[in-house]
Amino acid sequence: MGPMLPGRQRRFRSLAVRLAPLALGLALVLGAPGYLPDQFYLRVATFICFYGVLALGWNLIGGYADQLSLGHAVFFAIGAYATALLQVDLGLTPWVGVVLATALGGLSALAFGLLTFRWSGTYFTLATLALLEIGGICATYFRSVTRGSSGISIPILRDSPAMMQFDSPLPYYYLAAAMLLGSLLVSWLVLTSKLGYRLRAIRANREAAQLAGVNLFRSKLAALVISASLVAAAGGFYAEYIQFIDPDSTFSLQLAVNMALFAIVGGVSTWWGPALGAAIMVPITQYTSMQLTGRLAPLGEVGLGLILITVILLRPQGVAPALAAFWTAVSRRFVERSVPDARGVG
Amino acid sequence: MLGLAQAVLNGLLIGGVYGLITIGLTLVFGVMKVVNFAQGEFLMLGMFGAYFAWRLFGLDPAVSALGIGLIVGLLGVLVERVVIEPIVHATHLSQIFATVGVSLILLNGAAVVFGNDYYSVHTAYQTSTLALGELRLSVPNLISFGWAVIMVIVLQVFLFYTDVGRALRATAQNRDAAILMGIDPRRMFMMAFGIGVGLTAVAGAVILPYTTVTPQSGQQYIVIMFTVMVLGGLTSIRGTLAGGLVVGVVQSVSTVFLPTSLENLVVFLVFLAALALTRSDRTRPSWPMRALRLRSRAFRQS
Amino acid sequence: MTVTTALECRGLIQRFGGVQALNEVTFELQAGCIVGLIGPNGAGKSTLFNAVVGLAPPLGGEVLLWGRRITGLPAHVVCRLGLTKTSQKVQVFGDMSVIDNVMVGAILRARSIAEARQLALTELQLLELDGDINLPASSLTLVDRTRLELARALSSQPRILLVDELMAGLNAVEIAQTLTLLKDINRQRGTTLLVIEHNMAAITSICPRILVLVDGRIIADATPHDVSHNPAVIEAYLGVPESAITDD
């Protein structure tokens with residue numbers, strides 16, 4: 001290797017190296033309809049985006065703040081039911097409904113946090129489980145509002161963009177993709193902000209964080225509110241996409257576990273890891289649910305459990321850090337290698 | 001009034017069993033400081049084990065309970081070696097989600113093997129009742145309550161009068177000191193987990209006569225278990241038993257006033273209340289337990 | 001120029017289980033001073049720090065910061081008010097990088113992340129930790145981690161800093177450097193320091209005033225010379241009212 005590149009060129013290359021994966025990701029997400037062979041794959045891609053939002057949302061509180069929620073589906077359900085009820089009972093267009101549902105998710109997170117943040121660690125996790133179950137029971141019991149266990153069906157209007165209904169899967173994909181990109185942005189903004197430093201500090205050493213002036217409660221609450229808002233928004237989208245919701249599918253422990261699982265597999269300490277986790281795991285779950293039917297169907301979940309345990313035992317930081325380290329190692333030579341000049345030096 | 005008294009009586013009987021179910025969870029947490037989210041699945045396995053012992057060999061669950069407990073306990077040791085032991089010193093996230101992973105595997109594995117049907121046993125005494133004045137005691141409930149009392153006594157004897165038991169208690173109270181005294185913590189973890197899930201499996205066998213089993217059964221009991229554990233002060237055996245009685249009575253009495261669909265809601269609310277009462281101070285039992293002066297000498301954290 | 005009271009403790013009481021950890025502890029720190037705090041192991045020195053700083057609020061008594069009552073306020077509020085401590089068992093953010101460790105403290109006063117980073121770098125340079133600032137804190141030696149914790153504490157710009165056994169495990173050269181550092185912090189920034197230390201020679205060289213804490217009670221508050229000849233102090237350390245104390 002010859003002489004190093006001059007500083008300015010090095011900085012330019014370094015910037016390029018950091019932006020390249022972003023550009024690639026953006027191209028992959030936005031260009032999906034171009035390279036995916038048919039509508040089935042587009043549907044899977046839509047689910048990848050959707051679960052990516054959920055996993056990123058969970059990670060804001062689970063990964064960054066180390067408050068491990070096993071009941072995050074509560075916010076998902078609140079978002080779904082709010083959007084659906086606003087549409088079905090008040091005729092409100094889901095475009096507004098989803099926004100309101102997002103706000104409602106954030107508000108309920110405030111109440112949730114005020115109640116549960118006095119408990120740390122495992123206590124908090126148990127409390128989230130209880131709240132999820134309570135939510136499910138209430139949704140089933142208060143039939144007059146929520147239609148109980150019969151669920152709510154969004155009337156199918158075919159081609160009606162004003163009511164967020166399209167007759168092709170393409171607009172749904174772009175909607176989901178927009179939500180994913182928005183969530184990635186939020187995730188990055190939080191991590192690189194003062195809140196991000198505080199959350200990481202809380203996770204690393206609570207006592208030291210307090211001594212450094214970090215208000216544990218306020219920081220965790222902020223993370224929870226943002227987290228719940230993202231998850232509630234995804235809930236609203238789900239209601240419009242699947243066009244049917246009921247207590248079992250929304251207040252779902254399986255969904256709550258999956259959110260966390262995807263984030264863990266992807267990498268909880270990074271801002272983009274959970275999205276990667278969704279990109280890896282969703283196709284796997286789609287494939288297994290197609291191949292394993294009837295009596296064998298639960299084998300898919302067994303597989304998820306095995307993957308979860310394997311990741312935790314062998315690589316608890318997830319896939320993302322390794323991928324990032326790989327890219328840094330590979331691109332270092334590009335950044336630092338000199339340009340061979342006419343005399344063939346270097 | 002009679003209905004209420006009957007409900008309280010039923011609640012006590014069932015509560016004793018709730019206590020037995022939870023003691024395994026308490027034992028694991030006390031010694032290893034890990035909350036086993038898969039504990040419900042070991043209960044379910046105990047129930048299925050007892051079912052098949054009845055179906056294939058005609059054994060009454062009350063008879064096969066110990067054997068089933070032993071088998072499930074051995075399975076527990078295997079799980080502990082492979083999954084739990086590596087994460088005992090790891091992050092919260094690893095601990096919680098490792099046991100969640102075990103839960104996923106066991107629950108869905110059972111669903112693949114047994115399907116989603118409901119299985120139940122038929123014993124001669126299943127519907128018999130004993131009279132206590134104007135109240136009735138259901139015989140299966142009585143038998144399971146009796147089992148609960150026996151197992152708790154056996155456990156107390158084991159923990160206080162055997163060397164291994166004392167070693168377990170030492171590890172629970174102060175792991176580092178126990179190590180310095182020559183106790184091998186890995187062996188302790190193995191024992192605690194094996195005995196812990198074995199006890200829960202025994203409880204599963206014992207409750208089968210008056211309930212049905214399906215792969216989802218474990219999930220139905222897990223929040224009850226957590227409620228009982230939290231009410232009982234997390235690490236005390238007598239506290240766990242008392243907590244079980246409280247939860248049993250509350251659940252039973254609530255069915256008198258509320259529709260059955262809300263019976264679990266009450267349990268969950270009690271759970272949140274129990275959490276609120278214990279605050280974030282894990283070493284002190286909740287005030288009801290302190291009020292009742294139920295602080296067991298076993299498992300008090302230092 | 002009047003001298004103001006930076007920190008005042010009145011009758012602090014603390015109890016753990018059945019043990020009386022602090023028994024009516026009362027003292028004052030004047031602004032800009034360096035005061036030493038010594039006492040046998042288990043005397044309650046770290047407990048006192050925790051009570052003052054808000055990590056373990058006292059059962060009784062008052063803590064006044066610049067005349068304002070702060071008893072029982074949580075540690076993060078106390079830090080914002082300009083009082084913090086370093087810990088006997090060094091507390092850093094192990095998973096975070098060296099620079100990030102200090103930035104956690106710096107973001108308290110800085111208006112932006114960039115400004116916080118500048119503040120953090122300044123503190124790291126002062127403490128000679130500005131080598132590889134992206135290393136995780138857990139990979140540093142104990143001595144470096146101690147200095148990292150100090151850097152983080154300083155970056156929140158405290159007016160009063162409680163220092164708990166900064167010099168454990170240091171050799172003579174490092175001790176001298178640390179002493180110079182403490183003197184600089186005190187003189188250049190005007191930070192009031194209360195220093196717990198077992199090394200008598202060290203503490204004597206920078207502290208014109210020493211408090212002696214034994215069994216949760218202050219039994220002496222005087223110059224190093226007077227303290228070392230105080231019979232009660234001698235008895236506390238050696239159990240016999242004989243010769244003067246020597247360093248450990």
# chains A, B, ... in the order shown; residues from 1 in each chain; ligands from 1

call {"tool": "residues_around", "arguments": {"residues": "B:Val31", "least_positions_apart": "5", "cutoff": "8 Å", "atoms": "only C-alpha atoms", "output": "PDB file with C-alpha atoms, in the first residue's frame"}}
result
ATOM      1  CA  LEU B 168     -29.405 -24.430  47.719  1.00  0.00           C
ATOM      2  CA  ARG B 169     -30.525 -21.955  50.334  1.00  0.00           C
ATOM      3  CA  THR B 171     -26.712 -20.120  46.980  1.00  0.00           C
ATOM      4  CA  ALA B 172     -30.026 -18.288  47.010  1.00  0.00           C
ATOM      5  CA  GLN B 173     -29.038 -16.005  49.861  1.00  0.00           C
ATOM      6  CA  MET B 188     -27.055 -25.794  42.390  1.00  0.00           C
ATOM      7  CA  PHE B 189     -28.593 -24.240  39.301  1.00  0.00           C
ATOM      8  CA  ALA B 192     -32.904 -25.817  41.429  1.00  0.00           C
TER       9      ALA B 192
END

call {"tool": "residues_around", "arguments": {"residues": "C:Arg80", "least_positions_apart": "2", "cutoff": "8 Å", "atoms": "only C-alpha atoms", "output": "ChimeraX atom specification"}}
result
/A:213 /C:76-78,82-83,108,156

call {"tool": "residues_around", "arguments": {"residues": "B:Val34", "least_positions_apart": "6", "cutoff": "10 Å", "atoms": "only C-alpha atoms", "output": "PyMOL selection string"}}
result
(chain A and resi 122) or (chain B and resi 25-28+84+87-89+92+95-96+99)

call {"tool": "closest_atom_pairs", "arguments": {"of": "chain A", "to": "chain B", "cutoff": "7 Å", "atoms": "only C-alpha atoms", "output": "JSON lines"}}
result
{"residue": "A:Leu68", "atom": "CA", "partner": "B:Leu93", "partner_atom": "CA", "distance": 6.9}
{"residue": "A:Arg118", "atom": "CA", "partner": "B:Ser280", "partner_atom": "CA", "distance": 6.6}
{"residue": "A:Trp119", "atom": "CA", "partner": "B:Ser280", "partner_atom": "CA", "distance": 5.2}
{"residue": "A:Ser120", "atom": "CA", "partner": "B:Ser280", "partner_atom": "CA", "distance": 6.7}
{"residue": "A:Ala127", "atom": "CA", "partner": "B:Leu272", "partner_atom": "CA", "distance": 6.6}
{"residue": "A:Ala130", "atom": "CA", "partner": "B:Phe268", "partner_atom": "CA", "distance": 5.7}
{"residue": "A:Ile134", "atom": "CA", "partner": "B:Leu265", "partner_atom": "CA", "distance": 6.0}
{"residue": "A:Ile137", "atom": "CA", "partner": "B:Leu265", "partner_atom": "CA", "distance": 6.8}
{"residue": "A:Arg295", "atom": "CA", "partner": "B:Val112", "partner_atom": "CA", "distance": 5.7}
{"residue": "A:Leu296", "atom": "CA", "partner": "B:Val112", "partner_atom": "CA", "distance": 5.6}
{"residue": "A:Pro298", "atom": "CA", "partner": "B:Asn108", "partner_atom": "CA", "distance": 5.1}
{"residue": "A:Leu299", "atom": "CA", "partner": "B:Asn108", "partner_atom": "CA", "distance": 6.5}
{"residue": "A:Glu301", "atom": "CA", "partner": "B:Asn108", "partner_atom": "CA", "distance": 6.3}
{"residue": "A:Val302", "atom": "CA", "partner": "B:Ile105", "partner_atom": "CA", "distance": 4.4}
{"residue": "A:Gly305", "atom": "CA", "partner": "B:Gly101", "partner_atom": "CA", "distance": 4.3}
{"residue": "A:Leu306", "atom": "CA", "partner": "B:Gly101", "partner_atom": "CA", "distance": 6.7}
{"residue": "A:Leu308", "atom": "CA", "partner": "B:Gly101", "partner_atom": "CA", "distance": 5.9}
{"residue": "A:Ile309", "atom": "CA", "partner": "B:Ala98", "partner_atom": "CA", "distance": 5.4}
{"residue": "A:Ile312", "atom": "CA", "partner": "B:Ser94", "partner_atom": "CA", "distance": 5.8}

call {"tool": "write_last_selection", "arguments": {"atoms": "C-alpha atoms", "output": "PDB file, in the first residue's frame"}}
result
ATOM      1  CA  LEU A  68     -38.197  -5.318  27.857  1.00  0.00           C
ATOM      2  CA  ARG A 118     -41.804   2.453  38.935  1.00  0.00           C
ATOM      3  CA  TRP A 119     -40.910  -1.159  38.343  1.00  0.00           C
ATOM      4  CA  SER A 120     -37.677  -2.044  36.719  1.00  0.00           C
ATOM      5  CA  ALA A 127     -46.498  -5.910  34.101  1.00  0.00           C
ATOM      6  CA  ALA A 130     -50.552  -8.424  32.458  1.00  0.00           C
ATOM      7  CA  ILE A 134     -56.159  -7.089  30.472  1.00  0.00           C
ATOM      8  CA  ILE A 137     -60.122  -9.257  27.981  1.00  0.00           C
ATOM      9  CA  ARG A 295     -50.947 -30.309  12.301  1.00  0.00           C
ATOM     10  CA  LEU A 296     -47.407 -29.270  11.426  1.00  0.00           C
ATOM     11  CA  PRO A 298     -46.792 -24.871  14.947  1.00  0.00           C
ATOM     12  CA  LEU A 299     -43.401 -26.175  13.825  1.00  0.00           C
ATOM     13  CA  GLU A 301     -43.090 -21.280  15.886  1.00  0.00           C
ATOM     14  CA  VAL A 302     -40.799 -24.006  17.187  1.00  0.00           C
ATOM     15  CA  GLY A 305     -38.002 -20.380  19.302  1.00  0.00           C
ATOM     16  CA  LEU A 306     -34.882 -22.223  18.163  1.00  0.00           C
ATOM     17  CA  LEU A 308     -34.290 -16.959  19.231  1.00  0.00           C
ATOM     18  CA  ILE A 309     -32.352 -19.221  21.573  1.00  0.00           C
ATOM     19  CA  ILE A 312     -29.205 -15.282  22.326  1.00  0.00           C
TER      20      ILE A 312
END

call {"tool": "residues_around", "arguments": {"residues": "stretch 45-55 of chain A", "least_positions_apart": "5", "cutoff": "9 Å", "atoms": "only C-alpha atoms", "output": "JSON list (two decimals) with N, CA and C atoms, in the first residue's frame"}}
result
[["chain", "number", "residue", "atom", "x", "y", "z"],
["A", 29, "VAL", "N", -35.57, -0.66, -0.92],
["A", 29, "VAL", "CA", -36.93, -0.48, -0.42],
["A", 29, "VAL", "C", -37.83, 0.16, -1.47],
["A", 32, "ALA", "N", -38.44, -1.94, -4.81],
["A", 32, "ALA", "CA", -38.92, -3.32, -4.70],
["A", 32, "ALA", "C", -39.92, -3.71, -5.77],
["A", 36, "LEU", "N", -39.20, -7.27, -7.78],
["A", 36, "LEU", "CA", -39.93, -8.43, -7.27],
["A", 36, "LEU", "C", -40.80, -9.01, -8.36],
["A", 40, "PHE", "N", -47.34, -11.68, -5.11],
["A", 40, "PHE", "CA", -47.17, -12.40, -3.86],
["A", 40, "PHE", "C", -45.95, -11.87, -3.12],
["A", 60, "LEU", "N", -37.00, 0.88, 20.46],
["A", 60, "LEU", "CA", -36.76, 2.18, 21.11],
["A", 60, "LEU", "C", -36.83, 2.05, 22.62],
["A", 76, "PHE", "N", -50.23, -1.64, 19.51],
["A", 76, "PHE", "CA", -50.63, -2.05, 18.16],
["A", 76, "PHE", "C", -52.15, -2.17, 18.11],
["A", 169, "PRO", "N", -52.03, -4.16, -4.89],
["A", 169, "PRO", "CA", -51.16, -4.18, -3.70],
["A", 169, "PRO", "C", -50.08, -3.10, -3.71],
["A", 172, "TYR", "N", -50.40, -0.05, -1.26],
["A", 172, "TYR", "CA", -50.20, -0.52, 0.11],
["A", 172, "TYR", "C", -48.72, -0.69, 0.41],
["A", 173, "TYR", "N", -47.99, -1.21, -0.57],
["A", 173, "TYR", "CA", -46.56, -1.41, -0.35],
["A", 173, "TYR", "C", -45.87, -0.08, -0.11],
["A", 174, "TYR", "N", -46.19, 0.91, -0.95],
["A", 174, "TYR", "CA", -45.53, 2.20, -0.80],
["A", 174, "TYR", "C", -45.88, 2.87, 0.52],
["A", 175, "LEU", "N", -47.09, 2.65, 0.97],
["A", 175, "LEU", "CA", -47.51, 3.17, 2.27],
["A", 175, "LEU", "C", -46.67, 2.54, 3.38],
["A", 176, "ALA", "N", -46.56, 1.21, 3.31],
["A", 176, "ALA", "CA", -45.77, 0.51, 4.31],
["A", 176, "ALA", "C", -44.31, 0.92, 4.24],
["A", 177, "ALA", "N", -43.81, 1.06, 3.02],
["A", 177, "ALA", "CA", -42.41, 1.44, 2.85],
["A", 177, "ALA", "C", -42.16, 2.83, 3.41],
["A", 178, "ALA", "N", -43.12, 3.73, 3.19],
["A", 178, "ALA", "CA", -42.97, 5.08, 3.74],
["A", 178, "ALA", "C", -42.92, 5.03, 5.26],
["A", 179, "MET", "N", -43.77, 4.20, 5.85],
["A", 179, "MET", "CA", -43.77, 4.07, 7.31],
["A", 179, "MET", "C", -42.44, 3.49, 7.78],
["A", 180, "LEU", "N", -41.92, 2.52, 7.04],
["A", 180, "LEU", "CA", -40.64, 1.94, 7.43],
["A", 180, "LEU", "C", -39.53, 2.98, 7.40],
["A", 181, "LEU", "N", -39.47, 3.73, 6.30],
["A", 181, "LEU", "CA", -38.41, 4.74, 6.18],
["A", 181, "LEU", "C", -38.56, 5.80, 7.27],
["A", 182, "GLY", "N", -39.82, 6.18, 7.54],
["A", 182, "GLY", "CA", -40.05, 7.13, 8.61],
["A", 182, "GLY", "C", -39.58, 6.59, 9.96],
["A", 183, "SER", "N", -39.87, 5.33, 10.21],
["A", 183, "SER", "CA", -39.46, 4.73, 11.47],
["A", 183, "SER", "C", -37.95, 4.64, 11.58],
["A", 184, "LEU", "N", -37.29, 4.33, 10.47],
["A", 184, "LEU", "CA", -35.82, 4.28, 10.48],
["A", 184, "LEU", "C", -35.26, 5.66, 10.82],
["A", 227, "SER", "N", -42.01, 5.09, 20.96],
["A", 227, "SER", "CA", -42.14, 3.69, 20.58],
["A", 227, "SER", "C", -43.59, 3.32, 20.34],
["A", 230, "LEU", "N", -45.15, 4.73, 17.10],
["A", 230, "LEU", "CA", -44.79, 3.98, 15.89],
["A", 230, "LEU", "C", -45.62, 2.71, 15.78],
["A", 231, "VAL", "N", -45.69, 1.99, 16.89],
["A", 231, "VAL", "CA", -46.39, 0.71, 16.88],
["A", 231, "VAL", "C", -47.88, 0.91, 16.63],
["A", 232, "ALA", "N", -48.45, 1.97, 17.21],
["A", 232, "ALA", "CA", -49.87, 2.25, 16.99],
["A", 232, "ALA", "C", -50.14, 2.60, 15.53],
["A", 233, "ALA", "N", -49.22, 3.35, 14.92],
["A", 233, "ALA", "CA", -49.39, 3.69, 13.51],
["A", 233, "ALA", "C", -49.42, 2.43, 12.67],
["A", 234, "ALA", "N", -48.51, 1.50, 13.00],
["A", 234, "ALA", "CA", -48.49, 0.23, 12.27],
["A", 234, "ALA", "C", -49.81, -0.50, 12.47],
["A", 235, "GLY", "N", -50.38, -0.37, 13.68],
["A", 235, "GLY", "CA", -51.66, -1.01, 13.95],
["A", 235, "GLY", "C", -52.75, -0.45, 13.06],
["A", 237, "PHE", "N", -52.35, 0.90, 10.14],
["A", 237, "PHE", "CA", -52.12, 0.40, 8.78],
["A", 237, "PHE", "C", -52.63, -1.02, 8.66],
["A", 238, "TYR", "N", -52.33, -1.84, 9.68],
["A", 238, "TYR", "CA", -52.75, -3.24, 9.64],
["A", 238, "TYR", "C", -54.27, -3.35, 9.48],
["A", 258, "ASN", "N", -42.98, -11.66, 18.70],
["A", 258, "ASN", "CA", -42.33, -11.53, 17.40],
["A", 258, "ASN", "C", -41.65, -10.18, 17.21],
["A", 259, "MET", "N", -42.31, -9.13, 17.65],
["A", 259, "MET", "CA", -41.71, -7.78, 17.57],
["A", 259, "MET", "C", -40.33, -7.79, 18.20],
["A", 260, "ALA", "N", -40.30, -8.36, 19.41],
["A", 260, "ALA", "CA", -39.04, -8.38, 20.14],
["A", 260, "ALA", "C", -38.04, -9.32, 19.46],
["A", 261, "LEU", "N", -38.53, -10.45, 19.04],
["A", 261, "LEU", "CA", -37.68, -11.46, 18.41],
["A", 261, "LEU", "C", -36.98, -10.88, 17.19],
["A", 262, "PHE", "N", -37.74, -10.21, 16.32],
["A", 262, "PHE", "CA", -37.15, -9.66, 15.10],
["A", 262, "PHE", "C", -36.10, -8.62, 15.45],
["A", 263, "ALA", "N", -36.40, -7.82, 16.46],
["A", 263, "ALA", "CA", -35.44, -6.79, 16.86],
["A", 263, "ALA", "C", -34.16, -7.42, 17.40],
["A", 264, "ILE", "N", -34.32, -8.48, 18.18],
["A", 264, "ILE", "CA", -33.15, -9.14, 18.77],
["A", 264, "ILE", "C", -32.29, -9.79, 17.70],
["A", 273, "GLY", "N", -30.93, -2.21, 12.95],
["A", 273, "GLY", "CA", -30.94, -3.65, 13.18],
["A", 273, "GLY", "C", -32.32, -4.29, 13.15],
["A", 274, "PRO", "N", -33.29, -3.73, 13.89],
["A", 274, "PRO", "CA", -34.61, -4.35, 13.89],
["A", 274, "PRO", "C", -35.23, -4.46, 12.49],
["A", 275, "ALA", "N", -34.98, -3.48, 11.63],
["A", 275, "ALA", "CA", -35.52, -3.58, 10.28],
["A", 275, "ALA", "C", -34.87, -4.74, 9.54],
["A", 276, "LEU", "N", -33.57, -4.90, 9.76],
["A", 276, "LEU", "CA", -32.87, -6.04, 9.16],
["A", 276, "LEU", "C", -33.44, -7.34, 9.69],
["A", 277, "GLY", "N", -33.72, -7.37, 11.00],
["A", 277, "GLY", "CA", -34.32, -8.56, 11.60],
["A", 277, "GLY", "C", -35.63, -8.92, 10.93],
["A", 278, "ALA", "N", -36.45, -7.91, 10.67],
["A", 278, "ALA", "CA", -37.72, -8.17, 9.98],
["A", 278, "ALA", "C", -37.46, -8.69, 8.57],
["A", 279, "ALA", "N", -36.48, -8.09, 7.91],
["A", 279, "ALA", "CA", -36.19, -8.51, 6.54],
["A", 279, "ALA", "C", -35.72, -9.96, 6.49],
["A", 280, "ILE", "N", -35.05, -10.40, 7.53],
["A", 280, "ILE", "CA", -34.57, -11.78, 7.58],
["A", 280, "ILE", "C", -35.69, -12.72, 7.98],
["A", 281, "MET", "N", -36.41, -12.35, 9.03],
["A", 281, "MET", "CA", -37.34, -13.31, 9.65],
["A", 281, "MET", "C", -38.68, -13.39, 8.94],
["A", 282, "VAL", "N", -39.18, -12.30, 8.40],
["A", 282, "VAL", "CA", -40.51, -12.35, 7.79],
["A", 282, "VAL", "C", -40.56, -13.34, 6.62],
["A", 283, "PRO", "N", -39.60, -13.30, 5.70],
["A", 283, "PRO", "CA", -39.65, -14.31, 4.63],
["A", 283, "PRO", "C", -39.60, -15.73, 5.18]]

call {"tool": "select_by_dssp", "arguments": {"residues": "stretch 6-224 of chain C", "states": "alpha helix (DSSP H)", "output": "number ranges by chain"}}
result
C: 45-53, 75-80, 98-106, 113-126, 142-155, 172-189, 200-206, 224
